[in-house]
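Trainee: One structure, as structure tokens, below. Some questions next.
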Amino acid sequence: MSLTNAPSTSNVSENWIAQLFHQNSYLSFDGTDDYIDLGETTSSSPIAIGSSTGITIAFWINFPTLGAAEPIFRSHDHATNYVGYAVDKNSSNQISFSWYDGSGSGSGDRRTMTGDTALSADTWYFVIITSTFANATSGTKIYINGTTSDSITASGTYSGTYPVYSGSSLNGIIGQKLPSTDIWGEFKLRNLGIWAAVLDSANLTVIYNSGNFLSFLQDNGNYDESSALKGYWEFNNGDNIIQDKSGNGAHGTITGGVYEDFLPIALSDTTVDDVFYHGTIT
């Protein structure tokens with residue numbers, strides 16, 4: 001049956017929104033309670049890397065504010081002891097790399113290598129760390145936006161030339177630090193890779209890629225170490241679960257982190273979670 005006075009417009013207003021991500025999208029951590037849990041890690045986990053191969057870690061990072069110590073990555077976070085290895089920014093805004101003896105949380109339970117570049121606020125940096133886990137400073141190199149390494153200062157008196165991965169209830173963590181009191185990192189992050197190898201200068205030049213995004217998954221020119229990749233996360237897909245693209249299964253659960261730098265579009269103009277979506281979908 002047809003109505004003689006049928007409405008000409010719908011009394012229900014429907015809108016659809018979409019987030020279009022790209023290679024420069026990133027995940028933002030607020031420094032209060034945001035982190036990524038990468039799941040249980042043990043001495044046999046792929047990221048449990050030792051001195052037999054050495055290690056390379058590379059990532060893009062941006063710190064909105066400065067002046068506080070901030071955790072970036074921990075391979076085996078523990079509520080009491082330092083375990084595994086970690087990457088941090090110190091209160092002087094320098095990048096440091098540490099490895100631990102697994103038995104305590106004092107300076108005698110760690111060896112820390114710190115670069116001399118002081119980072120600026122609200123600036124993107126490509127950080128590369130290579131280490132043989134040697135106690136000498138020459139065994140660790142930290143590169144900021146290029147292939148010229150920082151001068152390294154060592155601290156901590158752990159004399160072991162390898163990280164210890166013993167203990168239980170250990171998880172890989174991005175953006176949070178234990179033991180003792182929780183410390184949280186405030187930063188923007190994209191494209192984090194970990195290799196069981198010390199990449200040479202030819203490889204480093206390629207993955208830096210003159211400051212442009214490059215996937216670490218496939219060999220490319222002088223980059224020939226993709227097979228040594230033990231963990232790789234890109235932070236640019238909008239999902240609540242971060243996929244470990246290396247194929248080694250360290251998928252991460254995001255708590256509180258917010259994706260940014262995506263294209264927000266909708267059927268009609270709208271604002272959701274303080275993000276304006278352009279009404280461009282037809």
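The way I read the labels, and the way they are meant: chains A, B, ... in the order of the structure tokens, residue 1 as the first residue of every chain, and ligand 1 as the first ligand shown, with later ones counted on from there.
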Show which residues sit within 10 Å of Ser215 (chain A), as a ChimeraX atom specification. Count only C-alpha atoms, and ignore same-chain residues fewer than 4 positions away.
Mentor: /A:23,191-193,207,219-220,226,232-234,245
Trainee: Write to file, as a compact mmCIF listing (two decimals), in the first residue's frame, the residues of the selection just made, with C-alpha atoms.
Mentor:
```txt
# COMPACT_ATOMS: atom_id res chain seq x y z
CA GLN A 23 52.96 4.72 5.99
CA ASN A 191 58.20 1.37 12.50
CA LEU A 192 60.07 -0.52 15.27
CA GLY A 193 62.34 -3.39 14.21
CA ILE A 207 66.90 1.36 6.43
CA ASP A 219 65.71 -7.16 1.40
CA ASN A 220 66.24 -4.02 -0.64
CA SER A 226 65.57 -9.14 6.63
CA TYR A 232 58.71 -5.77 13.61
CA TRP A 233 55.76 -3.46 14.30
CA GLU A 234 54.57 -0.59 12.07
CA LYS A 245 55.05 -8.50 10.95
```
Trainee: Please list as a PyMOL selection string every residue within 10 Å of Ala121 (chain A), counting only C-alpha atoms and excluding residues in the same chain fewer than 5 positions away.
Mentor: chain A and resi 62-67+93+187
Trainee: Would you output that residue set with N, CA and C atoms, as a PDB file, in the first residue's frame?
Mentor:
```pdb
ATOM      1  N   ASN A  62      59.130  10.457  18.311  1.00  0.00           N
ATOM      2  CA  ASN A  62      58.940  11.894  18.479  1.00  0.00           C
ATOM      3  C   ASN A  62      58.480  12.124  19.914  1.00  0.00           C
ATOM      4  N   PHE A  63      59.195  12.997  20.655  1.00  0.00           N
ATOM      5  CA  PHE A  63      58.842  13.309  22.036  1.00  0.00           C
ATOM      6  C   PHE A  63      58.194  14.696  22.096  1.00  0.00           C
ATOM      7  N   PRO A  64      56.891  14.790  22.414  1.00  0.00           N
ATOM      8  CA  PRO A  64      56.235  16.098  22.491  1.00  0.00           C
ATOM      9  C   PRO A  64      56.804  16.992  23.580  1.00  0.00           C
ATOM     10  N   THR A  65      57.215  16.396  24.704  1.00  0.00           N
ATOM     11  CA  THR A  65      57.807  17.153  25.804  1.00  0.00           C
ATOM     12  C   THR A  65      59.112  16.480  26.217  1.00  0.00           C
ATOM     13  N   LEU A  66      59.947  17.248  26.918  1.00  0.00           N
ATOM     14  CA  LEU A  66      61.279  16.755  27.269  1.00  0.00           C
ATOM     15  C   LEU A  66      61.539  16.923  28.759  1.00  0.00           C
ATOM     16  N   GLY A  67      62.680  16.383  29.200  1.00  0.00           N
ATOM     17  CA  GLY A  67      63.144  16.628  30.552  1.00  0.00           C
ATOM     18  C   GLY A  67      62.881  15.528  31.551  1.00  0.00           C
ATOM     19  N   ASN A  93      67.492  13.857  27.778  1.00  0.00           N
ATOM     20  CA  ASN A  93      66.913  13.702  26.435  1.00  0.00           C
ATOM     21  C   ASN A  93      67.853  12.974  25.473  1.00  0.00           C
ATOM     22  N   PHE A 187      55.353   9.682  23.970  1.00  0.00           N
ATOM     23  CA  PHE A 187      55.999   9.814  22.676  1.00  0.00           C
ATOM     24  C   PHE A 187      55.086   9.309  21.569  1.00  0.00           C
TER      25      PHE A 187
END
```
Trainee: Neighbouring residues of Gln176 (chain A) were defined as those with any atom within 8 Å, considering only C-alpha atoms; residues of the same chain fewer than 6 positions away were excluded. Please report them as a list of chain:residue names.
Mentor: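 The contact residues come out as A:Asp34, A:Tyr35, A:Pro71, A:Ile72, A:Phe73, A:Asp182, A:Ile183, A:Trp184, A:Gly185.
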Trainee: Keeping all heavy atoms, export the residues of the selection given above as a CSV table (one decimal), in the first residue's frame.
Mentor:
```
chain,number,residue,atom,x,y,z
A,34,ASP,N,49.5,4.8,29.0
A,34,ASP,CA,49.5,4.1,27.7
A,34,ASP,C,50.7,3.2,27.6
A,34,ASP,O,51.8,3.5,27.9
A,34,ASP,CB,49.5,5.1,26.6
A,34,ASP,CG,48.3,6.0,26.5
A,34,ASP,OD1,47.4,5.8,27.3
A,34,ASP,OD2,48.3,6.9,25.7
A,35,TYR,N,50.4,2.0,27.0
A,35,TYR,CA,51.5,1.0,26.8
A,35,TYR,C,51.0,0.0,25.8
A,35,TYR,O,49.8,-0.2,25.5
A,35,TYR,CB,52.0,0.4,28.1
A,35,TYR,CG,51.0,-0.5,28.8
A,35,TYR,CD1,51.2,-1.9,28.6
A,35,TYR,CD2,50.0,-0.1,29.5
A,35,TYR,CE1,50.3,-2.8,29.2
A,35,TYR,CE2,49.1,-0.9,30.2
A,35,TYR,CZ,49.2,-2.3,30.0
A,35,TYR,OH,48.4,-3.1,30.6
A,71,PRO,N,60.6,5.4,29.4
A,71,PRO,CA,60.9,4.1,28.8
A,71,PRO,C,60.3,4.0,27.4
A,71,PRO,O,59.2,4.5,27.1
A,71,PRO,CB,60.1,3.1,29.7
A,71,PRO,CG,59.0,4.0,30.3
A,71,PRO,CD,59.5,5.4,30.3
A,72,ILE,N,61.0,3.3,26.5
A,72,ILE,CA,60.6,3.1,25.1
A,72,ILE,C,60.2,1.6,24.9
A,72,ILE,O,59.1,1.3,24.5
A,72,ILE,CB,61.6,3.6,24.1
A,72,ILE,CG1,61.9,5.1,24.3
A,72,ILE,CG2,61.2,3.3,22.7
A,72,ILE,CD1,63.1,5.6,23.5
A,73,PHE,N,61.2,0.8,25.1
A,73,PHE,CA,61.0,-0.7,24.9
A,73,PHE,C,61.7,-1.5,25.9
A,73,PHE,O,62.8,-1.2,26.3
A,73,PHE,CB,61.5,-1.0,23.5
A,73,PHE,CG,61.5,-2.5,23.2
A,73,PHE,CD1,60.3,-3.0,22.7
A,73,PHE,CD2,62.6,-3.3,23.4
A,73,PHE,CE1,60.2,-4.4,22.4
A,73,PHE,CE2,62.5,-4.7,23.1
A,73,PHE,CZ,61.3,-5.2,22.6
A,182,ASP,N,56.0,2.3,38.5
A,182,ASP,CA,55.7,2.4,37.1
A,182,ASP,C,56.2,3.7,36.6
A,182,ASP,O,56.0,4.8,37.2
A,182,ASP,CB,54.2,2.3,36.8
A,182,ASP,CG,53.7,0.9,36.9
A,182,ASP,OD1,54.6,0.0,36.9
A,182,ASP,OD2,52.5,0.7,36.8
A,183,ILE,N,56.9,3.7,35.4
A,183,ILE,CA,57.2,4.9,34.7
A,183,ILE,C,56.7,4.8,33.3
A,183,ILE,O,56.8,3.7,32.7
A,183,ILE,CB,58.8,5.2,34.6
A,183,ILE,CG1,59.3,5.3,36.0
A,183,ILE,CG2,59.1,6.4,33.8
A,183,ILE,CD1,60.8,5.4,36.1
A,184,TRP,N,56.1,5.8,32.7
A,184,TRP,CA,55.4,5.8,31.4
A,184,TRP,C,56.1,6.7,30.5
A,184,TRP,O,56.6,7.8,30.8
A,184,TRP,CB,53.9,6.1,31.6
A,184,TRP,CG,53.3,5.4,32.7
A,184,TRP,CD1,53.2,5.7,34.0
A,184,TRP,CD2,52.6,4.1,32.6
A,184,TRP,NE1,52.5,4.8,34.7
A,184,TRP,CE2,52.1,3.8,33.9
A,184,TRP,CE3,52.3,3.3,31.5
A,184,TRP,CZ2,51.4,2.6,34.1
A,184,TRP,CZ3,51.6,2.1,31.8
A,184,TRP,CH2,51.1,1.8,33.1
A,185,GLY,N,56.1,6.3,29.2
A,185,GLY,CA,56.7,7.2,28.2
A,185,GLY,C,55.6,8.0,27.4
A,185,GLY,O,54.6,7.5,27.1
```
Trainee: I need the residue nearest Gly102 (chain A) from this list: A:Leu27, A:Val87, A:Val206, A:Ala79. Use only C-alpha atoms for the distance.
Mentor: A:Ala79
Trainee: List the neighbours of His78 (chain A) out to 12 Å using only C-alpha atoms; skip same-chain residues closer than 6 positions along the sequence, and give me the result as JSON, numbers by chain.
Mentor: {"A": [40, 41, 42, 84, 85, 86, 100, 102, 103, 104, 105, 165, 166, 167, 168, 169, 170, 171, 172, 173, 176, 177, 178, 179, 180, 181, 182]}
Trainee: List every residue of region 8-202 of chain A that DSSP, applied to the backbone of this structure, places in strand (DSSP E or B), and write the result as an MDAnalysis selection string.
Mentor: chainID A and resid 17:20 26:30 35:40 55:62 70:77 85:89 95:100 110:114 124:131 140:144 149 153:155 171:174 176:177 183:184 186:195
Trainee: Using CA of Asn203 (chain A) and CA of Gly221 (chain A) as the two end points, give the distance in Å to one decimal.
Mentor: 8.7 Å
Trainee: Could you please write out, as a PyMOL selection string, every residue of region 56-205 of chain A that DSSP assigns to alpha helix (DSSP H)?
Mentor: chain A and resi 201-205
Trainee: Name the residues in contact with Thr253 (chain A) at a cut-off of 10 Å, using only C-alpha atoms, excluding same-chain residues fewer than 2 positions from it; report them as a list of chain:residue names.
Mentor: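 So the residues in contact are A:Tyr35, A:Ile36, A:Asp37, A:Leu38, A:Gly39, A:Ile173, A:Asp239, A:Asn240, A:Ile241, A:Ile242, A:Gln243, A:Ala250, A:His251, A:Thr255, A:Gly256, A:Gly257.
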Trainee: Excluding region 50-61 of chain A and any residue of its chain fewer than 6 positions from it, enumerate the residues within 7 Å of it, using only C-alpha atoms, and give them as a list in words.
Mentor: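 Within the cut-off, the hits are Trp124, Tyr125, Phe126, Val127, Ile128, Ile129, Thr130, Ser131, Thr132, Phe133, Thr161, Tyr162, Pro163, Phe187, Lys188, Leu189, Arg190, Asn191, Leu192, Gly193, Ile194, Trp195, Ala196, Ala197, Val198 and Leu199 of chain A.
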Trainee: Tell me, in Å to one decimal, how far CA of Ser91 (chain A) is from CA of Asp116 (chain A).
Mentor: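 These atoms are spaced 12.3 Å apart.
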Trainee: How far is it from CA of Thr153 (chain A) to CA of Met113 (chain A), in Å with one decimal?
Mentor: 5.7 Å
